[in-house]
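Engineer: File name query10.cif; file contents mmCIF, C-alpha atoms; full text below.
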data_query
#
loop_
_atom_site.group_PDB
_atom_site.id
_atom_site.type_symbol
_atom_site.label_atom_id
_atom_site.label_comp_id
_atom_site.auth_asym_id
_atom_site.auth_seq_id
_atom_site.Cartn_x
_atom_site.Cartn_y
_atom_site.Cartn_z
ATOM 1 C CA VAL N 684 -7.638 158.935 105.241
ATOM 2 C CA LEU N 685 -4.823 161.154 106.456
ATOM 3 C CA ASP N 686 -5.773 164.839 106.809
ATOM 4 C CA VAL N 687 -2.437 166.682 106.763
ATOM 5 C CA GLY N 688 -2.688 170.176 108.186
ATOM 6 C CA CYS N 689 -6.037 169.347 109.780
ATOM 7 C CA GLY N 690 -6.253 172.542 111.838
ATOM 8 C CA GLY N 691 -9.277 172.434 114.129
ATOM 9 C CA GLY N 692 -10.373 169.051 112.792
ATOM 10 C CA TYR N 693 -13.528 169.914 110.868
ATOM 11 C CA GLY N 694 -12.351 168.299 107.622
ATOM 12 C CA ALA N 695 -11.105 165.163 109.373
ATOM 13 C CA ALA N 696 -14.492 164.847 111.067
ATOM 14 C CA ARG N 697 -16.237 165.124 107.700
ATOM 15 C CA PHE N 698 -13.948 162.436 106.242
ATOM 16 C CA ALA N 699 -14.749 160.228 109.250
ATOM 17 C CA GLU N 700 -18.400 160.250 108.190
ATOM 18 C CA VAL N 701 -17.490 158.021 105.211
ATOM 19 C CA ALA N 702 -14.022 156.567 105.861
ATOM 20 C CA ASP N 703 -13.164 153.588 108.065
ATOM 21 C CA GLN N 704 -10.181 155.298 109.689
ATOM 22 C CA VAL N 705 -9.133 158.955 109.718
ATOM 23 C CA VAL N 706 -6.075 160.571 111.253
ATOM 24 C CA GLY N 707 -5.677 164.335 111.375
ATOM 25 C CA VAL N 708 -2.142 165.733 111.625
ATOM 26 C CA ASP N 709 -1.203 169.320 112.363
ATOM 27 C CA TYR N 710 1.880 171.148 113.616
ATOM 28 C CA ASP N 711 -0.153 173.394 115.910
ATOM 29 C CA GLY N 712 -0.580 171.659 119.255
ATOM 30 C CA THR N 713 -3.466 173.910 120.298
ATOM 31 C CA ALA N 714 -5.377 173.052 117.117
ATOM 32 C CA VAL N 715 -4.746 169.324 117.614
ATOM 33 C CA ALA N 716 -5.895 169.509 121.254
ATOM 34 C CA HIS N 717 -9.056 171.360 120.219
ATOM 35 C CA ALA N 718 -9.781 168.857 117.442
ATOM 36 C CA ALA N 719 -9.333 165.895 119.765
ATOM 37 C CA VAL N 720 -11.860 167.337 122.226
ATOM 38 C CA ARG N 721 -14.324 168.509 119.564
ATOM 39 C CA TYR N 722 -14.413 165.432 117.293
ATOM 40 C CA ALA N 723 -14.497 161.842 118.547
ATOM 41 C CA ALA N 724 -14.256 159.788 115.341
ATOM 42 C CA PRO N 725 -10.841 160.816 113.911
ATOM 43 C CA ALA N 726 -7.547 160.414 115.754
ATOM 44 C CA PHE N 727 -5.415 163.561 115.960
ATOM 45 C CA VAL N 728 -1.630 163.843 116.139
ATOM 46 C CA ARG N 729 0.730 166.808 116.446
ATOM 47 C CA ALA N 730 3.629 166.431 114.020
ATOM 48 C CA ASN N 731 5.921 168.138 111.559
ATOM 49 C CA LEU N 732 4.118 168.033 108.202
ATOM 50 C CA ALA N 733 7.405 167.442 106.385
ATOM 51 C CA ALA N 734 8.191 164.384 108.556
ATOM 52 C CA LEU N 735 4.884 162.582 109.013
ATOM 53 C CA PRO N 736 4.738 159.944 111.789
ATOM 54 C CA ILE N 737 3.106 157.478 109.389
ATOM 55 C CA ARG N 738 4.750 154.397 107.921
ATOM 56 C CA SER N 739 5.486 154.392 104.188
ATOM 57 C CA GLN N 740 2.700 153.359 101.824
ATOM 58 C CA ALA N 741 0.121 153.187 104.631
ATOM 59 C CA VAL N 742 -2.527 155.645 103.453
ATOM 60 C CA ASP N 743 -5.269 155.275 100.839
ATOM 61 C CA VAL N 744 -6.183 158.972 100.705
ATOM 62 C CA LEU N 745 -4.115 161.941 101.831
ATOM 63 C CA ALA N 746 -5.976 165.241 101.968
ATOM 64 C CA THR N 747 -4.146 168.494 102.495
ATOM 65 C CA LEU N 748 -6.662 171.298 102.248
ATOM 66 C CA GLN N 749 -5.453 174.888 102.136
ATOM 67 C CA VAL N 750 -2.083 173.851 103.612
ATOM 68 C CA ILE N 751 0.672 173.662 100.962
ATOM 69 C CA GLU N 752 0.771 177.451 100.647
ATOM 70 C CA HIS N 753 1.755 177.632 104.347
ATOM 71 C CA VAL N 754 4.694 175.191 104.392
ATOM 72 C CA TRP N 755 8.289 176.315 103.849
ATOM 73 C CA ASP N 756 9.731 173.370 101.947
ATOM 74 C CA HIS N 757 7.181 172.494 99.270
ATOM 75 C CA ALA N 758 9.317 169.791 97.665
ATOM 76 C CA GLN N 759 9.894 167.980 100.980
ATOM 77 C CA PHE N 760 6.211 168.275 101.822
ATOM 78 C CA VAL N 761 5.173 166.674 98.511
ATOM 79 C CA ILE N 762 7.845 163.967 98.856
ATOM 80 C CA GLU N 763 6.522 163.143 102.323
ATOM 81 C CA CYS N 764 2.931 163.012 101.068
ATOM 82 C CA ARG N 765 3.983 160.603 98.322
ATOM 83 C CA ARG N 766 5.955 158.452 100.770
ATOM 84 C CA VAL N 767 2.953 157.683 102.981
ATOM 85 C CA LEU N 768 0.513 157.027 100.117
ATOM 86 C CA ARG N 769 -0.099 153.467 98.989
ATOM 87 C CA PRO N 770 0.449 152.736 95.300
ATOM 88 C CA GLY N 771 -2.739 153.884 93.620
ATOM 89 C CA GLY N 772 -3.612 156.128 96.584
ATOM 90 C CA TRP N 773 -5.187 159.526 96.133
ATOM 91 C CA LEU N 774 -3.652 162.897 96.988
ATOM 92 C CA LEU N 775 -6.183 165.697 97.374
ATOM 93 C CA VAL N 776 -4.650 169.172 97.450
ATOM 94 C CA THR N 777 -6.550 172.425 97.640
ATOM 95 C CA THR N 778 -4.801 175.773 97.593
ATOM 96 C CA PRO N 779 -5.564 179.329 96.522
ATOM 97 C CA ASN N 780 -4.550 180.064 92.955
ATOM 98 C CA ARG N 781 -2.084 182.957 92.917
ATOM 99 C CA ARG N 782 -3.694 184.386 89.787
ATOM 100 C CA THR N 783 -6.999 184.865 91.574
ATOM 101 C CA PHE N 784 -5.933 185.308 95.216
ATOM 102 C CA SER N 785 -2.899 187.586 94.767
ATOM 103 C CA PRO N 786 -3.115 188.718 91.128
ATOM 104 C CA GLY N 787 -0.176 190.669 89.778
ATOM 105 C CA ARG N 788 1.867 190.257 92.963
ATOM 106 C CA ASP N 789 5.260 188.613 93.423
ATOM 107 C CA THR N 790 4.512 187.900 97.079
ATOM 108 C CA PRO N 791 1.264 186.500 98.510
ATOM 109 C CA THR N 792 -1.355 188.891 99.834
ATOM 110 C CA ASN N 793 -1.781 186.654 102.866
ATOM 111 C CA PRO N 794 1.262 187.105 105.137
ATOM 112 C CA PHE N 795 0.939 183.488 106.340
ATOM 113 C CA HIS N 796 1.415 182.060 102.841
ATOM 114 C CA THR N 797 4.989 181.202 101.904
ATOM 115 C CA HIS N 798 4.062 180.701 98.236
ATOM 116 C CA GLU N 799 0.851 180.724 96.255
ATOM 117 C CA PHE N 800 0.902 178.443 93.232
ATOM 118 C CA THR N 801 -0.579 178.798 89.811
ATOM 119 C CA ALA N 802 -2.253 175.654 88.509
ATOM 120 C CA THR N 803 0.738 175.061 86.217
ATOM 121 C CA GLU N 804 3.237 175.389 89.091
ATOM 122 C CA LEU N 805 1.316 172.997 91.316
ATOM 123 C CA HIS N 806 0.963 170.472 88.503
ATOM 124 C CA GLY N 807 4.696 170.702 87.794
ATOM 125 C CA LEU N 808 5.640 170.269 91.464
ATOM 126 C CA LEU N 809 3.526 167.132 91.789
ATOM 127 C CA ILE N 810 4.761 165.590 88.520
ATOM 128 C CA HIS N 811 8.389 166.407 89.366
ATOM 129 C CA HIS N 812 8.059 164.470 92.626
ATOM 130 C CA GLY N 813 6.579 161.322 91.136
ATOM 131 C CA PHE N 814 2.845 161.835 91.004
ATOM 132 C CA VAL N 815 1.168 160.739 87.769
ATOM 133 C CA ASP N 816 -2.311 161.332 86.379
ATOM 134 C CA VAL N 817 -2.439 164.738 88.052
ATOM 135 C CA ASP N 818 -5.810 166.387 87.497
ATOM 136 C CA VAL N 819 -5.931 170.090 88.370
ATOM 137 C CA ARG N 820 -9.342 171.648 88.706
ATOM 138 C CA GLY N 821 -10.487 175.116 89.579
ATOM 139 C CA LEU N 822 -13.004 176.677 91.888
ATOM 140 C CA HIS N 823 -14.236 180.130 91.001
ATOM 141 C CA ALA N 824 -16.222 182.804 92.760
ATOM 142 C CA GLY N 825 -19.879 182.739 91.810
ATOM 143 C CA PRO N 826 -22.140 185.783 91.459
ATOM 144 C CA GLU N 827 -22.667 186.236 95.224
ATOM 145 C CA LEU N 828 -18.914 186.353 95.928
ATOM 146 C CA ARG N 829 -18.364 188.763 93.047
ATOM 147 C CA ALA N 830 -21.087 190.949 94.570
ATOM 148 C CA LEU N 831 -19.226 190.843 97.893
ATOM 149 C CA ASP N 832 -16.108 192.073 96.082
ATOM 150 C CA ALA N 833 -18.089 195.101 94.942
ATOM 151 C CA GLN N 834 -19.519 195.699 98.437
ATOM 152 C CA HIS N 835 -16.038 195.636 99.964
ATOM 153 C CA ASP N 836 -14.244 198.211 97.797
ATOM 154 C CA GLY N 837 -13.384 195.771 95.005
ATOM 155 C CA SER N 838 -11.961 192.862 97.032
ATOM 156 C CA PHE N 839 -13.734 190.758 99.627
ATOM 157 C CA THR N 840 -10.388 188.995 100.240
ATOM 158 C CA ASP N 841 -8.482 192.242 100.848
ATOM 159 C CA ALA N 842 -11.196 193.366 103.287
ATOM 160 C CA GLN N 843 -10.641 190.190 105.329
ATOM 161 C CA LEU N 844 -6.864 190.524 105.296
ATOM 162 C CA ALA N 845 -6.846 194.220 106.243
ATOM 163 C CA ALA N 846 -7.312 193.450 109.937
ATOM 164 C CA PRO N 847 -7.559 190.487 112.318
ATOM 165 C CA PRO N 848 -11.062 188.971 112.522
ATOM 166 C CA ASP N 849 -11.716 190.482 115.965
ATOM 167 C CA GLN N 850 -11.358 193.930 114.331
ATOM 168 C CA TRP N 851 -13.711 193.307 111.385
ATOM 169 C CA SER N 852 -16.860 195.332 111.032
ATOM 170 C CA ALA N 853 -20.078 193.508 111.868
ATOM 171 C CA ALA N 854 -21.028 193.602 108.181
ATOM 172 C CA LEU N 855 -17.766 191.988 107.057
ATOM 173 C CA ALA N 856 -17.993 189.303 109.749
ATOM 174 C CA GLN N 857 -21.566 188.536 108.712
ATOM 175 C CA ASP N 858 -20.550 188.312 105.047
ATOM 176 C CA VAL N 859 -17.662 185.935 105.886
ATOM 177 C CA VAL N 860 -19.772 183.505 107.911
ATOM 178 C CA GLY N 861 -22.455 183.618 105.236
ATOM 179 C CA VAL N 862 -20.208 182.151 102.519
ATOM 180 C CA THR N 863 -21.108 178.586 101.595
ATOM 181 C CA ARG N 864 -19.937 176.110 98.987
ATOM 182 C CA ALA N 865 -22.887 177.194 96.845
ATOM 183 C CA ASP N 866 -21.085 180.534 96.378
ATOM 184 C CA PHE N 867 -18.424 178.835 94.243
ATOM 185 C CA VAL N 868 -18.533 177.493 90.708
#
Take the structure in this file and express it as structure tokens.
Structural biologist:
Amino acid sequence: VLDVGCGGGYGAARFAEVADQVVGVDYDGTAVAHAAVRYAAPAFVRANLAALPIRSQAVDVLATLQVIEHVWDHAQFVIECRRVLRPGGWLLVTTPNRRTFSPGRDTPTNPFHTHEFTATELHGLLIHHGFVDVDVRGLHAGPELRALDAQHDGSFTDAQLAAPPDQWSAALAQDVVGVTRADFV
């Protein structure tokens, strides 16, 4: 498994619980150094995500979780992901859907996102660059997250993006750390 854009390594460590070999790759050297100290099972490498230091057709599964919206050259990124995947390999991509994360906006709400895709755009990008049998699925806020929207003046997301985490109110910080996968449908 290749975890592209592994950040602090949590996802790579989870993959290592079930995969024979896991490599986490990230551009941020500090994140890679942290991951290497924190998690023993995966290997971690600092690299440009659009020029992966992996030989062609070497990877069974490539996971890129909440990353594609941060890269500048989406086409090159997808081409590189396809290059390292073995024939029949799996590409797992997660990304915020523009229609739910930045509805009605031409630019992303999150200043660190270069582009937020709709499901149709992401599907088209992957098909255009040679992926077949693309299955796009959605994840939606459940009742608890919708309640948090109401508690935070209509948008839990906007409340988080209004200030850096060290400036959040105690209530907002508590709500953020309390979110679990059970809060999504």
Engineer: Could you tell me, as a list in words, exactly which residues end up selected when the PyMOL selection byres ((chain N and resi 826) around 12) is applied to this structure?
Structural biologist: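 Answer for the PyMOL selection byres ((chain N and resi 826) around 12): His823, Ala824, Gly825, Glu827, Leu828, Arg829, Ala830, Leu831, Asp832, Ala833, Val862, Ala865, Asp866, Phe867 and Val868 of chain N.
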Engineer: Restricting the calculation to only C-alpha atoms: of N:Val815, N:Ala714, N:Leu805, N:Leu774, which residue gets closest to Leu748 (chain N)?
Structural biologist: N:Leu774
Engineer: Residue by residue, what does the PyMOL selection byres ((chain N and resi 772) around 7) grab here? Present the result as a PyMOL selection string.
Structural biologist: chain N and resi 742-744+768-771+773-774
Engineer: Can you tell me how far CA of Arg820 (chain N) sits from CA of His806 (chain N), in Å to one decimal?
Structural biologist: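 For CA of Arg820 (chain N) relative to CA of His806 (chain N), the distance reads 10.4 Å.
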Engineer: May I have the residues at most 12 Å from (-20.5, 191.7, 105.5) in the file's coordinates, counting only C-alpha atoms, as a list in words?
Structural biologist: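 Those within range, by chain then number, are Glu827, Leu828, Ala830, Leu831, Asp832, Ala833, Gln834, His835, Asp836, Phe839, Thr840, Ala842, Gln843, Trp851, Ser852, Ala853, Ala854, Leu855, Ala856, Gln857, Asp858, Val859, Val860, Gly861 and Val862 of chain N.
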Engineer: Would you save the residues of that selection, restricted to C-alpha atoms, as a PDB file, in the coordinates of the input?
Structural biologist:
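Saved result, selection23.pdb, follows:
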ATOM      1  CA  GLU N 827     -22.667 186.236  95.224  1.00  0.00           C
ATOM      2  CA  LEU N 828     -18.914 186.353  95.928  1.00  0.00           C
ATOM      3  CA  ALA N 830     -21.087 190.949  94.570  1.00  0.00           C
ATOM      4  CA  LEU N 831     -19.226 190.843  97.893  1.00  0.00           C
ATOM      5  CA  ASP N 832     -16.108 192.073  96.082  1.00  0.00           C
ATOM      6  CA  ALA N 833     -18.089 195.101  94.942  1.00  0.00           C
ATOM      7  CA  GLN N 834     -19.519 195.699  98.437  1.00  0.00           C
ATOM      8  CA  HIS N 835     -16.038 195.636  99.964  1.00  0.00           C
ATOM      9  CA  ASP N 836     -14.244 198.211  97.797  1.00  0.00           C
ATOM     10  CA  PHE N 839     -13.734 190.758  99.627  1.00  0.00           C
ATOM     11  CA  THR N 840     -10.388 188.995 100.240  1.00  0.00           C
ATOM     12  CA  ALA N 842     -11.196 193.366 103.287  1.00  0.00           C
ATOM     13  CA  GLN N 843     -10.641 190.190 105.329  1.00  0.00           C
ATOM     14  CA  TRP N 851     -13.711 193.307 111.385  1.00  0.00           C
ATOM     15  CA  SER N 852     -16.860 195.332 111.032  1.00  0.00           C
ATOM     16  CA  ALA N 853     -20.078 193.508 111.868  1.00  0.00           C
ATOM     17  CA  ALA N 854     -21.028 193.602 108.181  1.00  0.00           C
ATOM     18  CA  LEU N 855     -17.766 191.988 107.057  1.00  0.00           C
ATOM     19  CA  ALA N 856     -17.993 189.303 109.749  1.00  0.00           C
ATOM     20  CA  GLN N 857     -21.566 188.536 108.712  1.00  0.00           C
ATOM     21  CA  ASP N 858     -20.550 188.312 105.047  1.00  0.00           C
ATOM     22  CA  VAL N 859     -17.662 185.935 105.886  1.00  0.00           C
ATOM     23  CA  VAL N 860     -19.772 183.505 107.911  1.00  0.00           C
ATOM     24  CA  GLY N 861     -22.455 183.618 105.236  1.00  0.00           C
ATOM     25  CA  VAL N 862     -20.208 182.151 102.519  1.00  0.00           C
TER      26      VAL N 862
END
Engineer: Work out how far CA of Tyr710 (chain N) is from CA of Thr777 (chain N), in Å to one decimal.
Structural biologist: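 Taking CA of Thr777 (chain N) as the start and CA of Tyr710 (chain N) as the end point, the length is 18.1 Å.
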Engineer: Between N:Gln704, N:Thr801, N:Thr792, N:Gln850, single out the one closest to Leu745 (chain N), counting all atoms listed in the file.
Structural biologist: N:Gln704
Engineer: I'd like to know which of N:Val767, N:Ala758, N:Ala695, N:Val750 is closest to Ala718 (chain N), using only C-alpha atoms.
Structural biologist: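 For Ala718 (chain N), the nearest of the given residues is N:Ala695.
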Engineer: Take the PyMOL selection byres ((chain N and resi 730) around 7), run it mentally on this structure, and tell me the resulting residues as a PyMOL selection string.
Structural biologist: chain N and resi 708-710+728-729+731-732+735-736
Engineer: So how far away is CA of His798 (chain N) from CA of Ile737 (chain N), in Å?
Structural biologist: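 Going from CA of Ile737 (chain N) over to CA of His798 (chain N), I get 25.8 Å.
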Engineer: Point out the residue among N:Gly813, N:Gly707, N:Pro786, N:Gly807 with the least atom-to-atom distance to Ala726 (chain N), counting all atoms listed in the file.
Structural biologist: N:Gly707
Engineer: With distances taken over all atoms listed in the file, which residue among N:Asp816, N:Glu752, N:Leu809, N:Asn793 lies nearest Ala846 (chain N)?
Structural biologist: N:Asn793
